[in-house]
Structure formats: C-alpha cells, structure tokens
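Novice: One file is attached below, structure_14.cif, containing mmCIF, C-alpha atoms.
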```cif
data_coords
loop_
_atom_site.label_atom_id
_atom_site.label_comp_id
_atom_site.auth_asym_id
_atom_site.auth_seq_id
_atom_site.Cartn_x
_atom_site.Cartn_y
_atom_site.Cartn_z
CA MET A 124 67.21 69.22 112.34
CA ASP A 125 69.89 67.39 110.36
CA THR A 126 73.08 66.62 112.26
CA GLY A 127 75.11 66.20 109.07
CA ASP A 128 74.07 69.61 107.79
CA SER A 129 74.72 71.13 111.21
CA ALA A 130 78.21 69.61 111.38
CA TRP A 131 79.07 70.92 107.92
CA MET A 132 77.95 74.43 108.84
CA LEU A 133 79.94 74.36 112.09
CA ILE A 134 83.01 73.33 110.11
CA SER A 135 82.35 75.90 107.38
CA SER A 136 82.00 78.67 109.96
CA ALA A 137 85.29 77.71 111.56
CA ILE A 138 87.00 77.59 108.17
CA VAL A 139 85.69 81.05 107.27
CA MET A 140 86.96 82.39 110.59
CA PHE A 141 90.42 80.97 109.81
CA MET A 142 90.17 82.50 106.33
CA PHE A 143 89.59 85.89 107.94
CA VAL A 144 91.94 85.82 110.93
CA PRO A 145 94.72 84.91 110.36
CA GLY A 146 94.22 84.44 106.59
CA LEU A 147 93.24 87.92 105.41
CA ALA A 148 95.37 89.54 108.10
CA LEU A 149 98.50 87.72 106.87
CA PHE A 150 97.61 88.35 103.22
CA TYR A 151 97.26 92.09 103.79
CA GLY A 152 100.08 92.27 106.33
CA GLY A 153 102.60 90.76 103.94
CA MET A 154 101.88 93.37 101.28
CA VAL A 155 102.54 96.51 103.33
CA SER A 156 105.84 97.94 104.58
CA SER A 157 107.49 96.41 107.65
CA ARG A 158 106.54 99.55 109.62
CA ASN A 159 102.81 98.90 109.17
CA VAL A 160 102.36 95.13 109.47
CA LEU A 161 100.69 95.10 112.86
CA SER A 162 98.45 98.09 112.19
CA THR A 163 97.22 96.44 108.98
CA MET A 164 96.47 93.23 110.84
CA MET A 165 94.75 95.27 113.54
CA TYR A 166 92.23 96.57 111.02
CA SER A 167 91.17 92.97 110.32
CA LEU A 168 91.10 91.96 113.97
CA SER A 169 89.16 95.05 115.05
CA SER A 170 86.62 94.43 112.28
CA MET A 171 86.05 90.93 113.58
CA LEU A 172 85.52 92.20 117.12
CA VAL A 173 83.39 95.25 116.35
CA VAL A 174 81.17 93.74 113.65
CA SER A 175 80.48 90.67 115.78
CA ILE A 176 79.02 92.84 118.53
CA VAL A 177 77.05 95.04 116.14
CA TRP A 178 75.74 91.92 114.41
CA VAL A 179 74.16 90.70 117.63
CA LEU A 180 72.83 94.13 118.60
CA CYS A 181 71.08 95.10 115.39
CA ALA A 182 72.76 94.26 112.05
CA TYR A 183 71.64 90.63 111.89
CA THR A 184 67.98 91.45 112.35
CA LEU A 185 68.21 94.28 109.79
CA ALA A 186 69.67 91.82 107.28
CA PHE A 187 67.68 88.66 108.03
CA GLY A 188 64.73 89.70 110.17
CA PRO A 189 61.16 89.39 108.81
CA ASP A 190 60.90 91.51 105.67
CA VAL A 191 59.45 95.03 105.73
CA GLY A 192 58.37 96.05 102.22
CA GLY A 193 61.39 94.38 100.62
CA LEU A 194 63.66 97.05 102.11
CA ILE A 195 64.85 95.98 105.55
CA GLY A 196 64.34 93.37 108.23
CA LYS A 197 62.21 93.88 111.33
CA LEU A 198 63.80 94.08 114.77
CA ASP A 199 62.54 90.65 115.83
CA PHE A 200 66.10 89.30 116.15
CA ALA A 201 67.67 92.34 117.84
CA MET A 202 70.09 91.23 120.57
CA PHE A 203 69.64 87.73 119.05
CA SER A 204 66.15 87.57 120.50
CA GLY A 205 64.46 84.54 118.94
CA VAL A 206 67.77 83.11 117.72
CA SER A 207 68.26 79.67 119.25
CA GLY A 208 69.51 76.15 118.66
CA ASP A 209 66.28 75.24 116.87
CA PRO A 210 66.09 75.28 113.06
CA ALA A 211 65.09 78.59 111.50
CA GLY A 212 62.38 78.49 108.85
CA ALA A 213 62.85 75.69 106.35
CA MET A 214 66.53 75.22 107.20
CA THR A 215 67.80 71.98 108.74
CA ILE A 216 70.47 73.69 110.84
CA PRO A 217 70.27 75.57 114.15
CA HIS A 218 69.46 79.24 113.85
CA PHE A 219 72.62 79.99 115.86
CA ILE A 220 74.86 78.46 113.20
CA PHE A 221 73.25 80.41 110.39
CA ALA A 222 73.47 83.70 112.29
CA ILE A 223 77.16 83.27 113.18
CA PHE A 224 78.05 82.08 109.67
CA GLN A 225 76.51 85.27 108.29
CA CYS A 226 78.25 87.31 110.99
CA LEU A 227 81.62 86.18 109.66
CA PHE A 228 80.61 87.20 106.14
CA ALA A 229 79.74 90.68 107.36
CA ALA A 230 82.96 91.03 109.35
CA ILE A 231 85.31 89.97 106.55
CA THR A 232 83.52 92.27 104.10
CA VAL A 233 84.28 95.24 106.33
CA ALA A 234 87.89 94.14 106.78
CA LEU A 235 88.44 93.90 103.02
CA ILE A 236 87.86 97.64 102.71
CA SER A 237 90.77 98.41 105.04
CA GLY A 238 93.25 97.34 102.38
CA ALA A 239 92.53 100.48 100.38
CA ALA A 240 93.61 102.83 103.17
CA ALA A 241 96.25 100.73 104.90
CA GLU A 242 99.29 102.62 106.21
CA ARG A 243 97.40 105.88 106.74
CA ILE A 244 93.86 105.52 108.14
CA ARG A 245 93.36 106.31 111.84
CA LEU A 246 92.27 103.28 113.89
CA SER A 247 89.60 105.23 115.82
CA ALA A 248 88.03 106.37 112.56
CA TRP A 249 88.21 102.82 111.22
CA VAL A 250 86.39 101.37 114.23
CA ILE A 251 83.58 103.93 113.94
CA PHE A 252 83.38 103.32 110.21
CA SER A 253 83.09 99.56 110.80
CA VAL A 254 80.11 100.05 113.13
CA LEU A 255 78.25 102.37 110.77
CA TRP A 256 79.11 100.65 107.49
CA VAL A 257 77.93 97.18 108.49
CA THR A 258 74.69 98.71 109.80
CA PHE A 259 73.78 101.13 107.02
CA VAL A 260 75.44 99.63 103.94
CA TYR A 261 76.02 95.91 104.40
CA ALA A 262 72.83 94.98 106.27
CA PRO A 263 70.42 96.57 103.74
CA MET A 264 72.19 94.98 100.77
CA ALA A 265 72.27 91.60 102.48
CA HIS A 266 68.53 91.87 103.12
CA TRP A 267 67.76 92.88 99.55
CA THR A 268 69.81 90.01 98.14
CA TRP A 269 69.47 87.16 100.67
CA GLY A 270 66.97 88.16 103.34
CA GLY A 271 63.80 88.24 101.24
CA GLY A 272 64.24 91.79 99.93
CA TRP A 273 63.32 93.26 96.57
CA LEU A 274 66.39 92.12 94.61
CA MET A 275 65.86 88.56 95.76
CA LYS A 276 62.21 88.73 94.69
CA LEU A 277 63.26 90.00 91.24
CA GLY A 278 65.31 86.83 90.75
CA GLY A 279 68.84 88.14 91.31
CA LEU A 280 71.43 85.42 91.82
CA ASP A 281 74.23 85.79 94.34
CA PHE A 282 75.18 82.47 95.84
CA ALA A 283 77.83 83.58 98.33
CA GLY A 284 78.45 87.31 98.02
CA GLY A 285 79.47 88.68 94.62
CA THR A 286 77.43 91.83 95.17
CA VAL A 287 76.97 91.75 98.94
CA VAL A 288 80.63 91.07 99.75
CA HIS A 289 82.91 91.86 96.83
CA ILE A 290 81.27 94.72 94.97
CA LEU A 291 80.24 96.46 98.20
CA SER A 292 83.75 96.17 99.66
CA GLY A 293 85.57 96.95 96.39
CA VAL A 294 83.60 100.09 95.54
CA SER A 295 83.62 101.26 99.15
CA ALA A 296 87.39 100.76 99.21
CA LEU A 297 87.81 103.00 96.18
CA VAL A 298 85.76 105.75 97.85
CA VAL A 299 87.80 105.40 101.06
CA ALA A 300 91.08 105.65 99.12
CA LEU A 301 89.94 108.74 97.24
CA MET A 302 88.58 110.54 100.32
CA ILE A 303 91.56 109.84 102.57
CA GLY A 304 94.08 110.60 99.85
CA PRO A 305 97.29 108.90 98.76
CA ARG A 306 100.19 107.89 100.96
CA GLU A 307 103.08 110.31 101.35
CA GLY A 308 105.26 110.16 98.26
CA PHE A 309 102.72 108.30 96.12
CA PRO A 310 103.16 107.44 93.26
CA HIS A 311 106.86 108.34 92.96
CA GLN A 312 107.98 106.63 96.18
CA LYS A 313 106.52 103.17 96.37
CA GLU A 314 107.61 100.69 99.01
CA SER A 315 107.59 97.09 97.88
CA MET A 316 105.70 94.48 99.85
CA HIS A 317 107.89 93.51 102.77
CA ASN A 318 107.18 89.78 103.16
CA VAL A 319 106.08 87.58 100.28
CA ILE A 320 106.01 84.52 102.56
CA LEU A 321 103.32 86.06 104.81
CA PHE A 322 101.42 87.05 101.67
CA PHE A 323 101.62 83.50 100.31
CA ILE A 324 100.49 81.89 103.57
CA GLY A 325 97.63 84.36 103.80
CA GLY A 326 96.63 83.80 100.19
CA MET A 327 96.56 80.03 100.54
CA SER A 328 94.60 80.39 103.79
CA LEU A 329 92.06 82.41 101.83
CA TRP A 330 91.81 79.66 99.20
CA PHE A 331 91.30 77.09 101.96
CA GLY A 332 88.72 79.26 103.70
CA TRP A 333 86.85 80.00 100.49
CA MET A 334 85.82 76.35 100.30
CA GLY A 335 83.80 76.88 103.48
CA PHE A 336 82.77 80.37 102.40
CA ASN A 337 81.15 79.12 99.18
CA GLY A 338 80.50 75.52 100.17
CA GLY A 339 78.86 76.60 103.41
CA SER A 340 76.55 78.95 101.54
CA ALA A 341 74.58 75.88 100.47
CA LEU A 342 73.51 75.75 104.16
CA ALA A 343 73.54 71.94 104.00
CA SER A 344 76.03 69.17 103.35
CA GLY A 345 74.38 67.75 100.23
CA SER A 346 75.05 67.88 96.50
CA LEU A 347 74.79 71.67 96.25
CA ALA A 348 77.67 72.11 98.71
CA THR A 349 79.82 69.70 96.70
CA LEU A 350 79.03 71.62 93.50
CA ALA A 351 80.05 74.90 95.11
CA TYR A 352 83.19 73.23 96.46
CA ALA A 353 84.18 71.97 93.00
CA THR A 354 83.42 75.17 91.08
CA THR A 355 85.28 77.22 93.68
CA HIS A 356 88.44 75.14 93.42
CA MET A 357 88.45 75.04 89.63
CA ALA A 358 87.83 78.77 89.21
CA ALA A 359 90.75 79.47 91.54
CA ALA A 360 93.02 77.18 89.55
CA ALA A 361 91.94 78.77 86.25
CA GLY A 362 92.49 82.25 87.66
CA GLY A 363 95.98 81.40 88.86
CA ILE A 364 96.99 79.88 85.52
CA ALA A 365 95.58 82.85 83.59
CA TRP A 366 97.47 85.45 85.66
CA MET A 367 100.65 83.38 85.38
CA ALA A 368 100.24 83.25 81.60
CA ILE A 369 99.64 87.00 81.34
CA GLU A 370 102.81 87.75 83.33
CA TRP A 371 104.82 85.20 81.38
CA TYR A 372 103.75 86.84 78.13
CA ARG A 373 104.11 90.47 79.20
CA ARG A 374 107.16 90.26 81.48
CA GLY A 375 108.86 87.04 80.46
CA LYS A 376 108.68 85.79 84.06
CA PRO A 377 105.69 84.57 86.08
CA THR A 378 105.75 85.67 89.70
CA LEU A 379 104.49 84.00 92.85
CA VAL A 380 102.75 87.21 93.88
CA GLY A 381 100.97 87.46 90.54
CA THR A 382 99.94 83.81 90.48
CA VAL A 383 98.46 83.99 93.99
CA THR A 384 96.67 87.19 92.99
CA GLY A 385 95.17 85.33 90.04
CA VAL A 386 93.93 82.60 92.36
CA ILE A 387 92.20 85.23 94.49
CA ALA A 388 90.68 86.83 91.37
CA GLY A 389 89.21 83.49 90.35
CA LEU A 390 87.80 82.93 93.83
CA ILE A 391 86.19 86.37 93.87
CA ALA A 392 84.52 85.88 90.50
CA ILE A 393 83.10 82.43 91.25
CA THR A 394 81.59 83.52 94.59
CA PRO A 395 78.18 84.63 93.23
CA ALA A 396 78.07 81.78 90.72
CA ALA A 397 79.40 78.86 92.75
CA GLY A 398 76.07 77.11 93.29
CA PHE A 399 74.45 78.08 89.98
CA VAL A 400 76.98 77.06 87.28
CA SER A 401 78.63 73.85 86.15
CA VAL A 402 82.24 72.97 86.88
CA ALA A 403 83.04 73.44 83.19
CA SER A 404 81.62 76.98 83.33
CA SER A 405 83.75 77.82 86.37
CA LEU A 406 86.90 77.62 84.25
CA PRO A 407 86.19 80.58 81.92
CA ILE A 408 84.72 82.52 84.85
CA GLY A 409 87.96 82.16 86.82
CA ALA A 410 90.30 82.71 83.88
CA THR A 411 88.47 85.81 82.65
CA ALA A 412 88.52 87.21 86.17
CA SER A 413 92.32 87.35 86.03
CA ILE A 414 92.20 89.29 82.76
CA VAL A 415 89.70 91.77 84.20
CA CYS A 416 91.53 92.18 87.50
CA TYR A 417 94.97 92.41 85.86
CA PHE A 418 93.64 95.31 83.81
CA GLY A 419 92.29 96.97 86.94
CA VAL A 420 95.47 96.55 88.96
CA HIS A 421 98.04 97.39 86.28
CA PHE A 422 96.27 99.80 83.91
CA LEU A 423 93.18 101.37 85.46
CA LYS A 424 94.93 102.26 88.71
CA SER A 425 97.89 103.93 86.98
CA ARG A 426 95.64 105.68 84.47
CA PHE A 427 93.57 107.40 87.19
CA ASN A 428 96.38 107.54 89.74
CA TYR A 429 94.38 106.59 92.83
CA ASP A 430 96.16 105.04 95.81
CA ASP A 431 94.23 101.87 96.59
CA THR A 432 97.04 100.45 98.70
CA LEU A 433 96.31 96.75 98.35
CA ASP A 434 94.20 96.88 95.15
CA VAL A 435 90.88 96.12 96.79
CA PHE A 436 88.89 97.75 94.01
CA GLY A 437 90.98 96.19 91.25
CA LEU A 438 90.39 92.71 92.66
CA HIS A 439 87.16 92.66 94.65
CA GLY A 440 85.36 95.49 92.89
CA LEU A 441 86.08 94.51 89.29
CA GLY A 442 86.24 90.78 90.03
CA GLY A 443 82.91 90.96 91.82
CA ILE A 444 81.29 92.84 88.92
CA TRP A 445 82.53 90.26 86.42
CA GLY A 446 81.42 87.40 88.67
CA ALA A 447 77.89 88.80 89.07
CA LEU A 448 77.53 89.27 85.32
CA ALA A 449 79.07 85.86 84.60
CA THR A 450 76.43 84.32 86.83
CA GLY A 451 73.79 85.78 84.51
CA ILE A 452 75.62 84.28 81.53
CA PHE A 453 76.49 80.77 82.74
CA ALA A 454 73.76 79.94 85.31
CA SER A 455 71.76 76.80 84.58
CA LYS A 456 68.68 75.32 86.23
CA SER A 457 69.94 71.89 85.23
CA VAL A 458 72.73 72.49 87.75
CA ASN A 459 70.55 74.07 90.43
CA PRO A 460 66.78 74.02 89.93
CA ALA A 461 66.42 76.70 92.62
CA GLY A 462 68.35 79.16 90.43
CA ASN A 463 67.61 80.43 86.92
CA ASP A 464 68.91 79.81 83.44
CA GLY A 465 71.37 82.38 82.16
CA LEU A 466 72.13 83.85 78.75
CA LEU A 467 73.80 80.71 77.38
CA PHE A 468 70.75 78.66 78.35
CA GLY A 469 68.12 80.81 76.70
CA ASN A 470 67.41 83.48 79.32
CA PRO A 471 69.07 86.80 78.43
CA LYS A 472 66.82 88.55 80.98
CA GLN A 473 68.98 87.13 83.76
CA VAL A 474 71.91 89.26 82.59
CA LEU A 475 69.74 92.37 82.92
CA ILE A 476 68.72 91.35 86.44
CA GLN A 477 72.37 90.83 87.32
CA LEU A 478 73.21 94.25 85.86
CA LEU A 479 70.59 95.77 88.14
CA ASP A 480 72.12 93.97 91.13
CA VAL A 481 75.56 95.30 90.20
CA GLY A 482 74.28 98.84 89.73
CA VAL A 483 72.45 98.85 93.06
CA ALA A 484 75.54 97.55 94.89
CA ILE A 485 77.77 100.18 93.28
CA VAL A 486 75.44 103.07 94.10
CA LEU A 487 74.78 101.93 97.66
CA ALA A 488 78.48 101.36 98.37
CA ALA A 489 79.65 104.63 96.82
CA ALA A 490 76.96 106.87 98.30
CA GLY A 491 76.82 105.16 101.67
CA THR A 492 80.59 105.15 102.18
CA TYR A 493 80.92 108.78 101.12
CA VAL A 494 78.22 109.95 103.52
CA LEU A 495 79.53 107.89 106.43
CA LEU A 496 83.10 109.14 106.01
CA LYS A 497 81.88 112.74 105.80
CA VAL A 498 79.94 112.32 109.04
CA ILE A 499 82.85 110.60 110.81
CA SER A 500 85.28 113.33 109.69
CA LEU A 501 83.20 115.89 111.57
CA PHE A 502 84.21 114.23 114.84
CA VAL A 503 87.40 112.25 114.20
CA PRO A 504 90.25 112.87 111.72
CA LEU A 505 90.23 110.12 109.11
CA ARG A 506 93.96 110.14 108.57
CA VAL A 507 96.95 109.85 110.89
CA ALA A 508 99.36 112.77 111.26
CA LYS A 509 102.21 113.07 108.79
CA ASP A 510 104.88 112.26 111.36
CA GLN A 511 102.95 109.15 112.44
CA GLU A 512 102.79 107.98 108.85
CA GLU A 513 106.53 108.54 108.41
CA VAL A 514 107.43 106.63 111.56
CA GLY A 515 104.97 103.86 110.75
CA LEU A 516 101.65 103.04 112.35
CA ASP A 517 102.94 100.03 114.27
CA ILE A 518 104.98 102.28 116.54
CA SER A 519 102.93 105.48 116.39
CA LEU A 520 99.50 103.88 116.96
CA HIS A 521 100.31 100.65 118.80
CA GLY A 522 103.75 101.09 120.33
CA GLU A 523 105.09 97.77 119.07
CA ASN A 524 107.20 96.30 116.28
CA ALA A 525 106.45 93.30 114.12
CA TYR A 526 110.14 92.45 114.00
CA LYS A 527 112.83 92.76 116.63
CA GLU A 528 115.45 95.35 115.75
CA PRO A 529 118.64 93.54 114.72
CA SER A 530 121.40 93.83 117.32
CA PRO A 531 124.91 94.82 116.22
CA SER A 532 127.13 91.92 115.28
CA PRO A 533 130.19 91.23 117.46
CA VAL A 534 132.47 92.42 114.64
CA VAL A 535 130.63 95.73 114.35
CA ALA A 536 130.60 96.16 118.13
CA VAL A 537 134.36 95.63 118.28
CA SER A 538 135.06 98.02 115.43
CA ASN A 539 133.20 100.77 117.25
CA ARG A 540 135.31 100.40 120.36
CA GLN A 541 138.95 99.66 121.03
CA SER A 542 139.68 96.05 120.27
CA SER A 543 140.61 93.79 123.13
CA PRO A 544 140.68 90.05 123.69
CA ALA A 545 137.68 90.36 126.01
CA LEU A 546 135.62 92.21 123.43
CA VAL A 547 136.55 89.81 120.69
CA GLY A 548 135.57 86.96 122.96
CA ASP A 549 132.20 88.63 123.55
#
```
Kindly return the structure encoded in the file as structure tokens.
Specialist:
Amino acid sequence: MDTGDSAWMLISSAIVMFMFVPGLALFYGGMVSSRNVLSTMMYSLSSMLVVSIVWVLCAYTLAFGPDVGGLIGKLDFAMFSGVSGDPAGAMTIPHFIFAIFQCLFAAITVALISGAAAERIRLSAWVIFSVLWVTFVYAPMAHWTWGGGWLMKLGGLDFAGGTVVHILSGVSALVVALMIGPREGFPHQKESMHNVILFFIGGMSLWFGWMGFNGGSALASGSLATLAYATTHMAAAAGGIAWMAIEWYRRGKPTLVGTVTGVIAGLIAITPAAGFVSVASSLPIGATASIVCYFGVHFLKSRFNYDDTLDVFGLHGLGGIWGALATGIFASKSVNPAGNDGLLFGNPKQVLIQLLDVGVAIVLAAAGTYVLLKVISLFVPLRVAKDQEEVGLDISLHGENAYKEPSPSPVVAVSNRQSSPALVGD
C-alpha cells in the first residue's frame, strides 16, 4: 500500500465525479433549449445513479473480474465480494478506490450517449438502456481492453478510454439518434443553445476533470501520472487554438462555443494516448482532433442529415477514432516502457492493432446499441409524445422549470388595467 498513490486516486476520483456532475450536466444543459435544461441534466444524473448500482451488482466483475478466455470477467467480484481496502493485484492502492474510479468512467460513458437524443428520449427508456448498455456493451469492451481480455493481450493501447469511452459512446449515440429519429422540425427549425455561460462553465469543468480522468489512469502518483497530466493539458490547448483558427479563417470570427468545443476535441483525442506519447506529440494529436471533429460537426452531419442533438458522434466518435489511431502513430516506449513503439518509432504494426481496436469498438457499439434499443422498444416507447416534446420535457416529464417565469413589469400591469395612483405606486 502506498499512501501517496492512494491519496492521488481519491483526489482523481473526486475530480472525475465533478467532471461528470455537474460538469457534463452543465455542458449539455447549456446547449439545449430552455424548455429541456433539467431533463437533459437528469439524463446525466440518472446515469450516475443507475450505473453505480449496476456496477456493484455485476458490471464491475464482468469488466475486471478474473479473465475467462479473454472474453469476460468471472463473477468473483459480484456485489463487490472480494473488493476491500487492501491492494488489488500488483497495485499500490486499495481495491475500493480502483473499483469506484472505474465506476465513474462507466457512468460518464453512458451519460455521454444521452446528448444524441436530448429533448426527445423518454426517461424510463433511458434508465433501462443505461442498465443494459453498461452491462452488455461497456463491461465486455472494458474487459477486452483493460481487464486482461483479448485486445489487451494483442497489445492494444488505450490509456484512459479512447475506445472504451469515446468510440463506444460516440457510435452508440449515432445509433440512438438514428433509431429515435430527429426532433420535430429538424433540420429546418433549429433552436439555438439557450445558455452559453452554462456551456462554458461545464466545458471548463470537463477540462479540469479530465486531468484526473487521464492522470488518475496511471493508478499511481508518480511520473506516469505527471506525463498524462501534461499531455492532456497541451492537447486541449492545441485543440482549442486549432478550432479557433478554423473559425477565424472560415467565418472571420472565432467563437467562444467553437473554441471550447476544440478544447474538448483535443481532450477526447489525447485520452487513449495520454500515458504513451510525449508532450510534443500531444500537440499535433490535439490540433488534428479539431480538424477531424470540425468536419464531423459541420460537414458530415449536414451531408447525412442525422439529428445528433449535441454532436456526440462528431466529437466523441470521430475524436476517439483519431485518438486511438494517433496512439498507434506517436506512442513511444522511451516515454512509457510498459507501452509500445508506434509508427513514427519503427513499429507500423501498432497502427494495425489500433485499427483492430477501433473496428471492434465500432461493431460492438453499433450492434449492441441497436439490439438493446429494439428490445427496450418492445416494452417501453423510446420517444416522448409529440405534445410533450412541444411543451418541453422539463414540464412534461418532471413538472418543473429551470427558470422562473418573468412576472409582468409594473408598467405593463398598469397598462392592462385602469391607471390609478395606487397602481402606479405598486
């Protein structure tokens, strides 16, 4: 047991929780219409609650239990049996910390998907989907990549979730958007994001939380954590600058929304590479991520006319794919001896392994999400009723407003009644 490592993982877990709720909830909530702020935040909160319980019951042991043929974990850790304050395996941190840290990864991955169907997916269907998706899609991929499964044995590199988190959530989000269908009036009637300030606070909370997300994935407080910390920050900065430059060139004006989006693109792309590449390599990884994601958000989406409400596929799907491939290009054993050399360091085979990882994640996410939604739709409608969508999900599903209705001003109140000194005084 190492108390320094344990302290770092406790802090990292807390940071990731803040990144998720309120970070992601504010980020998503700011981008939707004012009628759907609370419902959008509720998707994130419900994911945290539901996935946490499922993680203890069965998902953790499926992901990180003793390996069964490289495919799935045994049920040794079901109900957290065998999970304690003692170190697990060769780790220097309590098993509890590792299990909860991974729980937060699973929960935020599920919540990311909700952005594709915000403003129209039924909460009951979403809760059921969260339970099934983390069990049958996330847990197997996590085992294959991190839990001793077959992709890990082949030498695939995914430091903090390029395939497990971003590609799985991004591709699944696209399937959800296509199966549920577009919002009413899409694409001719588009409501602009209602609160850029919430979006900004959420985006910066994500940046802050990502330092624990990637830095904590070192599972210790040593040099590897500091490398991941540095590469994460620099990739985010490069991504923000690149998106700003693209907008400046194409539109003549850089926007706050676009620049924050570029930061997120850089963070997504560096996630699988954070502990395997140098700080210098993180710069082109982050900058290129903005180019790839800008194309996805502004060209690919309009070309195929799919209604991914908050561009989950354009950012997490495409950014995750680029990040996984970039890991195979820029990885270096001189940076992390536990990794592999990539294409630029004489090992082109690593790119092929990364391509396999990407392909497996895409197929699992697409097929698994499609089947789960089909099964759920047999019992629960996936989409809210048309009148509920028109009124807004905050009122129709939750019976509450994010913002108090403005009261009439005294001048307006007077003009609607006969003027009198008393009324004017009111």
Novice: Counting only C-alpha atoms, which residue out of A:Gly270, A:Gly196, A:Gly208, A:Gly304 sits closest to Asn428 of chain A?
Specialist: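 Answer, going by the shortest atom-to-atom distance: A:Gly304.
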Novice: Decode the PyMOL selection byres ((chain A and resi 172-180) around 6) for the given file into explicit residues and return them as an NGL selection string.
Specialist: :A and (169-171 or 181-183 or 201-203 or 230)
Novice: Neighbours of segment 361-366 of chain A within 6 Å (all atoms listed in the file; same-chain residues fewer than 2 positions away dropped), as a ChimeraX atom specification?
Specialist: /A:358-359,368-369,382,385-386,389,406,409-410,413
Novice: Give me a file of those residues, with C-alpha atoms, as a PDB file, in the frame of the given file.
Specialist:
```pdb
ATOM      1  CA  ALA A 358      87.830  78.770  89.210  1.00  0.00           C
ATOM      2  CA  ALA A 359      90.750  79.470  91.540  1.00  0.00           C
ATOM      3  CA  ALA A 368     100.240  83.250  81.600  1.00  0.00           C
ATOM      4  CA  ILE A 369      99.640  87.000  81.340  1.00  0.00           C
ATOM      5  CA  THR A 382      99.940  83.810  90.480  1.00  0.00           C
ATOM      6  CA  GLY A 385      95.170  85.330  90.040  1.00  0.00           C
ATOM      7  CA  VAL A 386      93.930  82.600  92.360  1.00  0.00           C
ATOM      8  CA  GLY A 389      89.210  83.490  90.350  1.00  0.00           C
ATOM      9  CA  LEU A 406      86.900  77.620  84.250  1.00  0.00           C
ATOM     10  CA  GLY A 409      87.960  82.160  86.820  1.00  0.00           C
ATOM     11  CA  ALA A 410      90.300  82.710  83.880  1.00  0.00           C
ATOM     12  CA  SER A 413      92.320  87.350  86.030  1.00  0.00           C
TER      13      SER A 413
END
```
Novice: May I have the protein, DNA and RNA residues with an atom at most 8 Å from (83.8, 76.0, 89.3), counting only C-alpha atoms in the file's coordinates, returned as number ranges by chain?
Specialist: A: 350-358, 393, 397, 400-406, 408-409
Novice: Using atom CA of Gln312 of chain A and atom CA of Val155 of chain A as the two end points, give the distance in Å to one decimal.
Specialist: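 Atom-to-atom, atom CA of Gln312 of chain A to atom CA of Val155 of chain A, that is 13.5 Å.
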Novice: Could you tell me how far atom CA of Val233 of chain A sits from atom CA of Tyr493 of chain A, in Å to one decimal place?
Specialist: 14.9 Å
Novice: So how many Å separate atom CA of His289 of chain A and atom CA of Ala234 of chain A, to one decimal?
Specialist: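 Separating atom CA of His289 of chain A from atom CA of Ala234 of chain A is a distance of 11.4 Å.
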Novice: Which residue out of A:Gly339, A:Gly285, A:Arg306, A:Gly212 has the minimum interatomic distance to Gly442 of chain A when all atoms listed in the file are used?
Specialist: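 Of A:Gly339, A:Gly285, A:Arg306, A:Gly212, the one nearest Gly442 of chain A, counting all atoms listed in the file, is A:Gly285.
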Novice: Skipping near chain neighbours, those fewer than 3 positions away, what residues fall within 9 Å of Ile223 of chain A using all atoms listed in the file, listed as a list in words?
Specialist: Ser136, Ser175, Trp178, His218, Phe219, Ile220, Cys226, Leu227 and Phe228 of chain A
Novice: From the options A:Phe141, A:Val288, A:Phe418, A:Val507, which residue's atoms come nearest to Ser519 of chain A, counting only C-alpha atoms?
Specialist: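 Looking only at the distances to Ser519 of chain A, the closest residue turns out to be A:Val507.
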Novice: Identify which of the residues A:Leu379, A:Ala341, A:Met140, A:Met165 lies closest to Thr215 of chain A, counting all atoms listed in the file when measuring atom-to-atom distances.
Specialist: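 With all atoms listed in the file as the atom set, the closest residue is A:Ala341.
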Novice: Kindly resolve the PyMOL selection byres ((chain A and resi 310) around 9) on the present coordinates and return the residues as a ChimeraX atom specification.
Specialist: /A:305-309,311-313,425,428-430
Novice: Write out as a tab-separated table (two decimals) with C-alpha atoms, in the frame of the given file each polymer residue whose atoms come within 10 Å of Leu433 of chain A, counting only C-alpha atoms; drop sequence neighbours fewer than 3 positions from it.
Specialist:
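Dumped to result-v6.tsv:
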```
chain	number	residue	atom	x	y	z
A	150	PHE	CA	97.61	88.35	103.22
A	151	TYR	CA	97.26	92.09	103.79
A	152	GLY	CA	100.08	92.27	106.33
A	154	MET	CA	101.88	93.37	101.28
A	155	VAL	CA	102.54	96.51	103.33
A	235	LEU	CA	88.44	93.90	103.02
A	236	ILE	CA	87.86	97.64	102.71
A	237	SER	CA	90.77	98.41	105.04
A	238	GLY	CA	93.25	97.34	102.38
A	239	ALA	CA	92.53	100.48	100.38
A	240	ALA	CA	93.61	102.83	103.17
A	241	ALA	CA	96.25	100.73	104.90
A	296	ALA	CA	87.39	100.76	99.21
A	316	MET	CA	105.70	94.48	99.85
A	420	VAL	CA	95.47	96.55	88.96
A	430	ASP	CA	96.16	105.04	95.81
A	436	PHE	CA	88.89	97.75	94.01
A	437	GLY	CA	90.98	96.19	91.25
A	438	LEU	CA	90.39	92.71	92.66
```
Novice: To verify the selection step, state as an MDAnalysis selection string which residues the PyMOL selection byres ((chain A and resi 276) around 12) yields on this input.
Specialist: chainID A and resid 190 192:194 266:275 277:280 476 480
Novice: Take the residues just selected and output them with C-alpha atoms as an mmCIF file, in the coordinates of the input.
Specialist:
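File produced: out_8.cif:
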```cif
data_model
loop_
_atom_site.group_PDB
_atom_site.id
_atom_site.type_symbol
_atom_site.label_atom_id
_atom_site.label_comp_id
_atom_site.auth_asym_id
_atom_site.auth_seq_id
_atom_site.Cartn_x
_atom_site.Cartn_y
_atom_site.Cartn_z
ATOM 1 C CA ASP A 190 60.900 91.510 105.670
ATOM 2 C CA GLY A 192 58.370 96.050 102.220
ATOM 3 C CA GLY A 193 61.390 94.380 100.620
ATOM 4 C CA LEU A 194 63.660 97.050 102.110
ATOM 5 C CA HIS A 266 68.530 91.870 103.120
ATOM 6 C CA TRP A 267 67.760 92.880 99.550
ATOM 7 C CA THR A 268 69.810 90.010 98.140
ATOM 8 C CA TRP A 269 69.470 87.160 100.670
ATOM 9 C CA GLY A 270 66.970 88.160 103.340
ATOM 10 C CA GLY A 271 63.800 88.240 101.240
ATOM 11 C CA GLY A 272 64.240 91.790 99.930
ATOM 12 C CA TRP A 273 63.320 93.260 96.570
ATOM 13 C CA LEU A 274 66.390 92.120 94.610
ATOM 14 C CA MET A 275 65.860 88.560 95.760
ATOM 15 C CA LEU A 277 63.260 90.000 91.240
ATOM 16 C CA GLY A 278 65.310 86.830 90.750
ATOM 17 C CA GLY A 279 68.840 88.140 91.310
ATOM 18 C CA LEU A 280 71.430 85.420 91.820
ATOM 19 C CA ILE A 476 68.720 91.350 86.440
ATOM 20 C CA ASP A 480 72.120 93.970 91.130
#
```
